[in-house]
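What follows is the content of work.pdb, which has PDB, C-alpha atoms, pLDDT in the B column:
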ATOM      1  CA  MET A  17      85.958  99.616 137.871  1.00 85.00           C
ATOM      2  CA  LYS A  18      83.771  96.535 138.258  1.00 88.00           C
ATOM      3  CA  ILE A  19      80.243  96.746 139.682  1.00 86.00           C
ATOM      4  CA  GLN A  20      77.785  93.984 140.521  1.00 87.00           C
ATOM      5  CA  THR A  21      74.257  94.653 139.210  1.00 87.00           C
ATOM      6  CA  SER A  22      71.030  92.642 139.320  1.00 85.00           C
ATOM      7  CA  ARG A  23      70.217  93.307 135.697  1.00 80.00           C
ATOM      8  CA  PHE A  24      73.541  93.060 133.939  1.00 82.00           C
ATOM      9  CA  GLY A  25      75.572  90.923 136.339  1.00 86.00           C
ATOM     10  CA  GLU A  26      79.089  92.194 136.778  1.00 89.00           C
ATOM     11  CA  ILE A  27      79.784  95.175 134.568  1.00 87.00           C
ATOM     12  CA  ASP A  28      82.998  96.995 133.882  1.00 89.00           C
ATOM     13  CA  ILE A  29      82.494 100.718 134.220  1.00 89.00           C
ATOM     14  CA  ASP A  30      84.433 103.389 132.411  1.00 90.00           C
ATOM     15  CA  GLU A  31      84.880 105.763 135.343  1.00 92.00           C
ATOM     16  CA  SER A  32      84.813 108.833 133.110  1.00 93.00           C
ATOM     17  CA  LYS A  33      81.172 107.982 132.296  1.00 94.00           C
ATOM     18  CA  ILE A  34      79.956 107.965 135.896  1.00 96.00           C
ATOM     19  CA  ILE A  35      77.184 110.480 136.524  1.00 97.00           C
ATOM     20  CA  GLU A  36      77.115 112.075 139.944  1.00 97.00           C
ATOM     21  CA  MET A  37      73.729 113.047 141.358  1.00 96.00           C
ATOM     22  CA  ARG A  38      73.390 116.524 142.798  1.00 92.00           C
ATOM     23  CA  GLY A  39      70.174 116.375 144.739  1.00 82.00           C
ATOM     24  CA  GLY A  40      69.423 112.773 143.912  1.00 85.00           C
ATOM     25  CA  ILE A  41      66.447 110.928 142.558  1.00 95.00           C
ATOM     26  CA  LEU A  42      63.588 111.586 144.944  1.00 95.00           C
ATOM     27  CA  GLY A  43      63.109 108.668 147.296  1.00 95.00           C
ATOM     28  CA  PHE A  44      66.580 107.396 146.353  1.00 96.00           C
ATOM     29  CA  ASN A  45      68.659 110.243 147.703  1.00 92.00           C
ATOM     30  CA  SER A  46      71.359 107.970 149.075  1.00 94.00           C
ATOM     31  CA  LEU A  47      72.205 106.820 145.544  1.00 96.00           C
ATOM     32  CA  LYS A  48      74.780 109.239 144.227  1.00 96.00           C
ATOM     33  CA  ARG A  49      76.472 107.547 141.284  1.00 96.00           C
ATOM     34  CA  PHE A  50      74.805 106.243 138.142  1.00 96.00           C
ATOM     35  CA  ILE A  51      75.752 105.121 134.691  1.00 95.00           C
ATOM     36  CA  MET A  52      73.738 105.272 131.455  1.00 93.00           C
ATOM     37  CA  ILE A  53      73.582 101.978 129.614  1.00 90.00           C
ATOM     38  CA  VAL A  54      72.012 101.860 126.164  1.00 85.00           C
ATOM     39  CA  HIS A  55      69.364  99.150 126.134  1.00 76.00           C
ATOM     40  CA  GLU A  56      70.414  97.902 122.735  1.00 76.00           C
ATOM     41  CA  GLU A  57      71.588  99.273 119.424  1.00 77.00           C
ATOM     42  CA  GLY A  58      68.899 101.512 117.946  1.00 77.00           C
ATOM     43  CA  SER A  59      66.715 101.359 121.066  1.00 81.00           C
ATOM     44  CA  PRO A  60      65.419 104.634 122.501  1.00 86.00           C
ATOM     45  CA  PHE A  61      65.733 103.229 126.013  1.00 88.00           C
ATOM     46  CA  HIS A  62      68.633 103.813 128.349  1.00 91.00           C
ATOM     47  CA  TRP A  63      69.108 102.129 131.683  1.00 91.00           C
ATOM     48  CA  PHE A  64      70.065 104.529 134.424  1.00 94.00           C
ATOM     49  CA  GLN A  65      71.907 102.057 136.591  1.00 93.00           C
ATOM     50  CA  SER A  66      72.871 102.853 140.176  1.00 94.00           C
ATOM     51  CA  LEU A  67      76.464 102.069 141.073  1.00 94.00           C
ATOM     52  CA  ASP A  68      75.782 102.367 144.806  1.00 94.00           C
ATOM     53  CA  ASP A  69      72.980  99.796 144.764  1.00 93.00           C
ATOM     54  CA  GLY A  70      73.292  97.282 141.939  1.00 91.00           C
ATOM     55  CA  SER A  71      69.646  96.260 142.297  1.00 91.00           C
ATOM     56  CA  ILE A  72      68.353  99.704 141.313  1.00 92.00           C
ATOM     57  CA  ALA A  73      68.038 100.690 137.668  1.00 92.00           C
ATOM     58  CA  PHE A  74      65.557 103.031 136.004  1.00 93.00           C
ATOM     59  CA  ILE A  75      64.514 102.839 132.373  1.00 91.00           C
ATOM     60  CA  THR A  76      64.804 106.259 130.819  1.00 94.00           C
ATOM     61  CA  MET A  77      64.484 107.841 127.431  1.00 93.00           C
ATOM     62  CA  ASN A  78      64.863 111.091 125.590  1.00 94.00           C
ATOM     63  CA  PRO A  79      61.513 112.866 126.158  1.00 95.00           C
ATOM     64  CA  PHE A  80      61.527 114.536 122.740  1.00 94.00           C
ATOM     65  CA  ILE A  81      60.903 111.162 121.098  1.00 90.00           C
ATOM     66  CA  VAL A  82      57.484 110.946 122.741  1.00 89.00           C
ATOM     67  CA  LYS A  83      56.731 114.644 122.999  1.00 93.00           C
ATOM     68  CA  SER A  84      58.522 116.695 120.380  1.00 92.00           C
ATOM     69  CA  ASP A  85      57.355 120.009 121.841  1.00 94.00           C
ATOM     70  CA  TYR A  86      58.615 119.182 125.339  1.00 96.00           C
ATOM     71  CA  ASP A  87      60.137 122.408 126.585  1.00 94.00           C
ATOM     72  CA  PRO A  88      60.425 122.463 130.362  1.00 95.00           C
ATOM     73  CA  GLU A  89      61.772 125.500 132.143  1.00 93.00           C
ATOM     74  CA  ILE A  90      64.773 124.531 134.240  1.00 93.00           C
ATOM     75  CA  ASP A  91      65.188 126.763 137.273  1.00 91.00           C
ATOM     76  CA  ASP A  92      68.359 128.780 137.944  1.00 90.00           C
ATOM     77  CA  GLN A  93      69.024 126.845 141.123  1.00 89.00           C
ATOM     78  CA  THR A  94      69.352 123.613 139.122  1.00 92.00           C
ATOM     79  CA  ILE A  95      71.544 125.292 136.495  1.00 93.00           C
ATOM     80  CA  GLU A  96      73.792 126.434 139.318  1.00 92.00           C
ATOM     81  CA  ILE A  97      74.048 123.144 141.229  1.00 92.00           C
ATOM     82  CA  LEU A  98      74.746 121.305 137.969  1.00 95.00           C
ATOM     83  CA  GLU A  99      77.466 123.863 137.143  1.00 96.00           C
ATOM     84  CA  VAL A 100      76.072 124.448 133.658  1.00 96.00           C
ATOM     85  CA  ASP A 101      78.187 126.834 131.594  1.00 94.00           C
ATOM     86  CA  ASN A 102      76.551 126.271 128.204  1.00 94.00           C
ATOM     87  CA  ALA A 103      72.900 125.484 127.622  1.00 91.00           C
ATOM     88  CA  GLU A 104      73.962 122.853 125.056  1.00 94.00           C
ATOM     89  CA  ASP A 105      75.549 120.817 127.837  1.00 96.00           C
ATOM     90  CA  ILE A 106      72.126 120.070 129.288  1.00 96.00           C
ATOM     91  CA  GLU A 107      70.576 116.751 128.414  1.00 96.00           C
ATOM     92  CA  LEU A 108      67.077 115.758 129.522  1.00 97.00           C
ATOM     93  CA  MET A 109      65.926 112.210 130.160  1.00 97.00           C
ATOM     94  CA  VAL A 110      62.610 111.039 131.559  1.00 97.00           C
ATOM     95  CA  ILE A 111      62.008 108.016 133.758  1.00 96.00           C
ATOM     96  CA  LEU A 112      59.652 105.389 132.394  1.00 93.00           C
ATOM     97  CA  THR A 113      57.303 103.187 134.359  1.00 92.00           C
ATOM     98  CA  VAL A 114      56.804  99.780 132.829  1.00 87.00           C
ATOM     99  CA  ARG A 115      53.558  98.012 133.663  1.00 83.00           C
ATOM    100  CA  SER A 116      52.324  94.466 133.174  1.00 79.00           C
ATOM    101  CA  GLU A 117      50.686  95.527 129.923  1.00 79.00           C
ATOM    102  CA  PRO A 118      53.464  97.017 127.796  1.00 78.00           C
ATOM    103  CA  VAL A 119      51.119  99.502 126.132  1.00 80.00           C
ATOM    104  CA  LYS A 120      50.489 101.095 129.519  1.00 86.00           C
ATOM    105  CA  MET A 121      54.044 102.311 129.834  1.00 88.00           C
ATOM    106  CA  THR A 122      54.247 105.914 131.001  1.00 93.00           C
ATOM    107  CA  ALA A 123      56.927 108.579 131.137  1.00 95.00           C
ATOM    108  CA  ASN A 124      57.326 111.017 133.992  1.00 97.00           C
ATOM    109  CA  LEU A 125      57.414 114.341 132.156  1.00 97.00           C
ATOM    110  CA  ARG A 126      56.895 116.287 135.375  1.00 97.00           C
ATOM    111  CA  ALA A 127      60.171 115.258 136.990  1.00 97.00           C
ATOM    112  CA  PRO A 128      62.865 114.851 134.322  1.00 98.00           C
ATOM    113  CA  LEU A 129      66.489 113.992 134.933  1.00 98.00           C
ATOM    114  CA  VAL A 130      68.531 117.035 134.051  1.00 97.00           C
ATOM    115  CA  ILE A 131      72.081 116.075 133.156  1.00 97.00           C
ATOM    116  CA  ASN A 132      75.121 118.221 132.566  1.00 97.00           C
ATOM    117  CA  LYS A 133      76.679 115.849 130.064  1.00 95.00           C
ATOM    118  CA  GLN A 134      79.933 117.779 130.014  1.00 95.00           C
ATOM    119  CA  LYS A 135      80.559 117.595 133.760  1.00 97.00           C
ATOM    120  CA  LYS A 136      78.554 114.408 134.360  1.00 97.00           C
ATOM    121  CA  LEU A 137      76.338 115.957 137.018  1.00 97.00           C
ATOM    122  CA  ALA A 138      72.609 115.263 137.266  1.00 97.00           C
ATOM    123  CA  SER A 139      69.517 116.066 139.276  1.00 96.00           C
ATOM    124  CA  GLN A 140      65.865 115.125 139.162  1.00 96.00           C
ATOM    125  CA  VAL A 141      63.832 118.295 138.868  1.00 95.00           C
ATOM    126  CA  ILE A 142      60.163 118.699 139.716  1.00 95.00           C
ATOM    127  CA  LEU A 143      58.745 121.179 137.224  1.00 94.00           C
ATOM    128  CA  GLU A 144      56.366 123.907 138.303  1.00 88.00           C
ATOM    129  CA  ASP A 145      54.599 123.643 134.945  1.00 89.00           C
ATOM    130  CA  GLU A 146      51.441 121.610 135.468  1.00 90.00           C
ATOM    131  CA  GLN A 147      51.010 120.818 131.774  1.00 94.00           C
ATOM    132  CA  TYR A 148      53.531 117.985 132.103  1.00 96.00           C
ATOM    133  CA  PRO A 149      52.043 114.869 133.693  1.00 96.00           C
ATOM    134  CA  VAL A 150      53.762 112.436 136.030  1.00 97.00           C
ATOM    135  CA  GLN A 151      52.241 109.618 133.984  1.00 96.00           C
ATOM    136  CA  TYR A 152      52.365 110.454 130.295  1.00 96.00           C
ATOM    137  CA  ASN A 153      51.198 107.628 128.095  1.00 92.00           C
ATOM    138  CA  VAL A 154      53.924 106.791 125.618  1.00 86.00           C
ATOM    139  CA  ALA A 155      52.957 103.534 123.952  1.00 73.00           C
TER
ATOM    140  CA  MET B  28      55.407 119.463 166.061  1.00 92.00           C
ATOM    141  CA  LEU B  29      56.025 123.084 166.893  1.00 92.00           C
ATOM    142  CA  ILE B  30      52.925 125.210 166.299  1.00 95.00           C
ATOM    143  CA  LEU B  31      53.265 128.956 165.859  1.00 95.00           C
ATOM    144  CA  THR B  32      50.782 131.728 165.194  1.00 95.00           C
ATOM    145  CA  ARG B  33      52.004 134.275 162.667  1.00 96.00           C
ATOM    146  CA  LYS B  34      50.527 137.443 161.212  1.00 95.00           C
ATOM    147  CA  LEU B  35      50.712 138.620 157.631  1.00 96.00           C
ATOM    148  CA  GLY B  36      54.284 139.588 156.764  1.00 96.00           C
ATOM    149  CA  GLU B  37      55.797 137.804 159.733  1.00 97.00           C
ATOM    150  CA  VAL B  38      58.616 135.332 159.379  1.00 97.00           C
ATOM    151  CA  ILE B  39      59.636 131.956 160.778  1.00 97.00           C
ATOM    152  CA  ALA B  40      63.342 131.134 160.870  1.00 97.00           C
ATOM    153  CA  VAL B  41      64.298 127.476 160.539  1.00 96.00           C
ATOM    154  CA  GLY B  42      67.886 126.974 161.601  1.00 95.00           C
ATOM    155  CA  ASP B  43      70.342 129.616 160.459  1.00 95.00           C
ATOM    156  CA  ASP B  44      69.550 129.835 156.784  1.00 96.00           C
ATOM    157  CA  ILE B  45      65.885 129.067 156.118  1.00 97.00           C
ATOM    158  CA  LYS B  46      63.175 131.732 156.351  1.00 97.00           C
ATOM    159  CA  ILE B  47      59.465 131.187 155.839  1.00 97.00           C
ATOM    160  CA  VAL B  48      57.432 134.332 155.172  1.00 97.00           C
ATOM    161  CA  ILE B  49      53.647 134.674 155.307  1.00 97.00           C
ATOM    162  CA  LEU B  50      52.972 136.756 152.194  1.00 97.00           C
ATOM    163  CA  ASP B  51      49.211 136.761 151.867  1.00 97.00           C
ATOM    164  CA  ILE B  52      46.128 135.283 153.486  1.00 96.00           C
ATOM    165  CA  LYS B  53      42.836 134.950 151.623  1.00 96.00           C
ATOM    166  CA  GLY B  54      40.188 132.761 153.190  1.00 95.00           C
ATOM    167  CA  LYS B  55      41.586 129.223 153.173  1.00 95.00           C
ATOM    168  CA  HIS B  56      44.615 130.145 151.054  1.00 96.00           C
ATOM    169  CA  VAL B  57      47.918 131.233 152.470  1.00 96.00           C
ATOM    170  CA  ARG B  58      50.779 132.384 150.257  1.00 96.00           C
ATOM    171  CA  VAL B  59      54.090 131.430 151.742  1.00 97.00           C
ATOM    172  CA  GLY B  60      57.556 132.474 150.670  1.00 97.00           C
ATOM    173  CA  VAL B  61      60.463 130.173 151.432  1.00 96.00           C
ATOM    174  CA  LYS B  62      64.030 131.405 151.385  1.00 95.00           C
ATOM    175  CA  ALA B  63      66.498 128.563 151.592  1.00 93.00           C
ATOM    176  CA  PRO B  64      70.055 127.768 150.477  1.00 90.00           C
ATOM    177  CA  ARG B  65      70.555 126.504 146.929  1.00 81.00           C
ATOM    178  CA  GLN B  66      71.096 122.901 147.998  1.00 78.00           C
ATOM    179  CA  THR B  67      67.804 122.846 149.896  1.00 85.00           C
ATOM    180  CA  LYS B  68      65.000 122.002 147.544  1.00 84.00           C
ATOM    181  CA  VAL B  69      61.510 123.137 148.413  1.00 88.00           C
ATOM    182  CA  TYR B  70      58.486 121.198 147.161  1.00 90.00           C
ATOM    183  CA  ARG B  71      54.750 121.026 147.598  1.00 91.00           C
ATOM    184  CA  GLU B  72      54.375 117.955 149.800  1.00 94.00           C
ATOM    185  CA  GLU B  73      51.701 116.206 147.722  1.00 94.00           C
ATOM    186  CA  LEU B  74      53.682 116.547 144.484  1.00 94.00           C
ATOM    187  CA  TYR B  75      56.868 115.466 146.251  1.00 95.00           C
ATOM    188  CA  GLN B  76      55.107 112.291 147.442  1.00 97.00           C
ATOM    189  CA  ILE B  77      53.677 111.569 143.983  1.00 96.00           C
ATOM    190  CA  ILE B  78      57.153 111.802 142.412  1.00 97.00           C
ATOM    191  CA  ILE B  79      58.674 109.534 145.066  1.00 96.00           C
ATOM    192  CA  GLU B  80      55.935 106.949 144.518  1.00 96.00           C
ATOM    193  CA  GLN B  81      56.381 107.158 140.754  1.00 96.00           C
ATOM    194  CA  ASN B  82      60.144 106.713 141.078  1.00 96.00           C
ATOM    195  CA  GLN B  83      59.629 103.686 143.282  1.00 94.00           C
ATOM    196  CA  GLU B  84      57.123 102.196 140.872  1.00 92.00           C
ATOM    197  CA  SER B  85      59.582 102.782 138.043  1.00 91.00           C
ATOM    198  CA  THR B  86      62.125 100.461 139.630  1.00 88.00           C
ATOM    199  CA  GLN B  87      59.525  97.646 139.689  1.00 79.00           C
ATOM    200  CA  GLY B  88      58.103  95.690 136.816  1.00 62.00           C
ATOM    201  CA  HIS B  89      61.357  95.085 135.043  1.00 56.00           C
ATOM    202  CA  SER B  90      60.576  91.416 134.836  1.00 54.00           C
ATOM    203  CA  ILE B  91      58.445  92.236 131.836  1.00 56.00           C
ATOM    204  CA  GLN B  92      60.416  91.962 128.642  1.00 60.00           C
ATOM    205  CA  ILE B  93      61.530  95.415 127.706  1.00 71.00           C
ATOM    206  CA  ASP B  94      62.048  93.945 124.246  1.00 69.00           C
ATOM    207  CA  ASP B  95      58.255  93.537 123.892  1.00 71.00           C
ATOM    208  CA  ILE B  96      57.841  97.179 124.692  1.00 73.00           C
ATOM    209  CA  LEU B  97      60.553  98.071 122.266  1.00 71.00           C
ATOM    210  CA  SER B  98      58.805  96.316 119.388  1.00 72.00           C
ATOM    211  CA  ILE B  99      55.509  98.066 120.178  1.00 70.00           C
ATOM    212  CA  PHE B 100      57.345 101.298 120.390  1.00 68.00           C
ATOM    213  CA  LYS B 101      59.178 100.882 117.121  1.00 68.00           C
ATOM    214  CA  ASN B 102      55.883 100.134 115.403  1.00 68.00           C
ATOM    215  CA  LYS B 103      54.442 103.280 116.828  1.00 64.00           C
ATOM    216  CA  ILE B 104      57.343 105.420 115.693  1.00 60.00           C
ATOM    217  CA  GLU B 105      57.154 103.972 112.195  1.00 61.00           C
ATOM    218  CA  LYS B 106      53.449 104.742 111.996  1.00 57.00           C
ATOM    219  CA  THR B 107      53.846 108.353 113.028  1.00 54.00           C
TER
END
Would you mind writing the structure in this file as structure tokens?
Amino acid sequence: MKIQTSRFGEIDIDESKIIEMRGGILGFNSLKRFIMIVHEEGSPFHWFQSLDDGSIAFITMNPFIVKSDYDPEIDDQTIEILEVDNAEDIELMVILTVRSEPVKMTANLRAPLVINKQKKLASQVILEDEQYPVQYNVA
Amino acid sequence: MLILTRKLGEVIAVGDDIKIVILDIKGKHVRVGVKAPRQTKVYREELYQIIIEQNQESTQGHSIQIDDILSIFKNKIEKT
């Protein structure tokens, strides 16, 4: 399947890798299908590219790289809507905000993307736990 | 906007499957219980808005070379 994107031009998508949003990314609820694209070999960054709107892509990363003790509690409702059978199927990614000064990049630890990597279902979850900031300084 | 007066323990029904219960009232604080279907997410409005704004901001600023950030980041990881 070929998709036109602003960032990567036309890309050929392996349909088995498409991630379906259950609940959506807040403010972008109409975007239901995404794909993870590794930024480059060895890079911690992954583009979370929308397939419904080629101009929308988020930069994401594994939160444990920047906060090794990150341990958010995922509510039962999310576990259910993502049809999680085994806890190991859950993958967490956090959305980064890139600013004009690279060192000011932040990660949103309060609202991670929770992905069922087995079934390719995802949702953005707002954590109740106030210890995780929306703008966590990573650089 | 519909405005209702409710007493402690009373309930508001929204549609067929959402119930809002007044659980406790202490001065300016009201504890509210919300019972809604699984697919309906319930958020504190101010936090909901902050996350939306952050998501929107995250889709901006990609003109900056992510490669620059990557090099800073790699340095940082090597140092730690």
Pick out the residues sitting within 12 Å of segment 32-47 of chain B, and hand them over as a list in words; count all atoms listed in the file, and ignore anything fewer than 5 positions along from it in its own chain.
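What passes the distance filter is Ile52, Lys53, Val57, Arg58, Val59, Gly60, Val61, Lys62, Ala63, Pro64, Arg65, Gln66, Thr67, Lys68 and Val69 of chain B.
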Evaluate the PyMOL selection byres ((chain A and resi 28-38) around 10) here and jot the selected residues down as an MDAnalysis selection string.
(chainID A and resid 17:20 25:27 39:41 45:52 64:67 94 97:98 129:133 135:140) or (chainID B and resid 66)
Take the PyMOL selection byres ((chain A) within 7 of (chain B)), apply it to the structure above, and return the hits as a list in words.
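Listing what the PyMOL selection byres ((chain A) within 7 of (chain B)) selects in the shown file: Leu42, Gly43, Ile72, Ala73, Phe74, Gln93, Leu112, Thr113, Val114, Arg115, Ser116, Pro118 and Ala155 of chain A.
Taking atom CA of Asp92 of chain A as the reference point, atom CA of Glu72 of chain B is found at 21.3 Å.
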The PyMOL selection byres ((chain A and resi 122) around 7) - which residues does that actually catch in the file I just gave you? List them as a PyMOL selection string.
chain A and resi 112-114+120-121+123-124+151-154
Computed interatomic separation between atom CA of Ile75 of chain A and atom CA of Val141 of chain A (Å):
16.8 Å
Please, what distance in Å, to one decimal, runs between atom CA of Asp87 of chain A and atom CA of His55 of chain A?
25.0 Å
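Residues in contact with Thr76 of chain A at 8 Å, where all atoms listed in the file are counted and same-chain residues fewer than 3 positions away are skipped, are listed as Phe61, His62, Trp63, Phe64, Met109, Val110, Ile111 and Leu112 of chain A.
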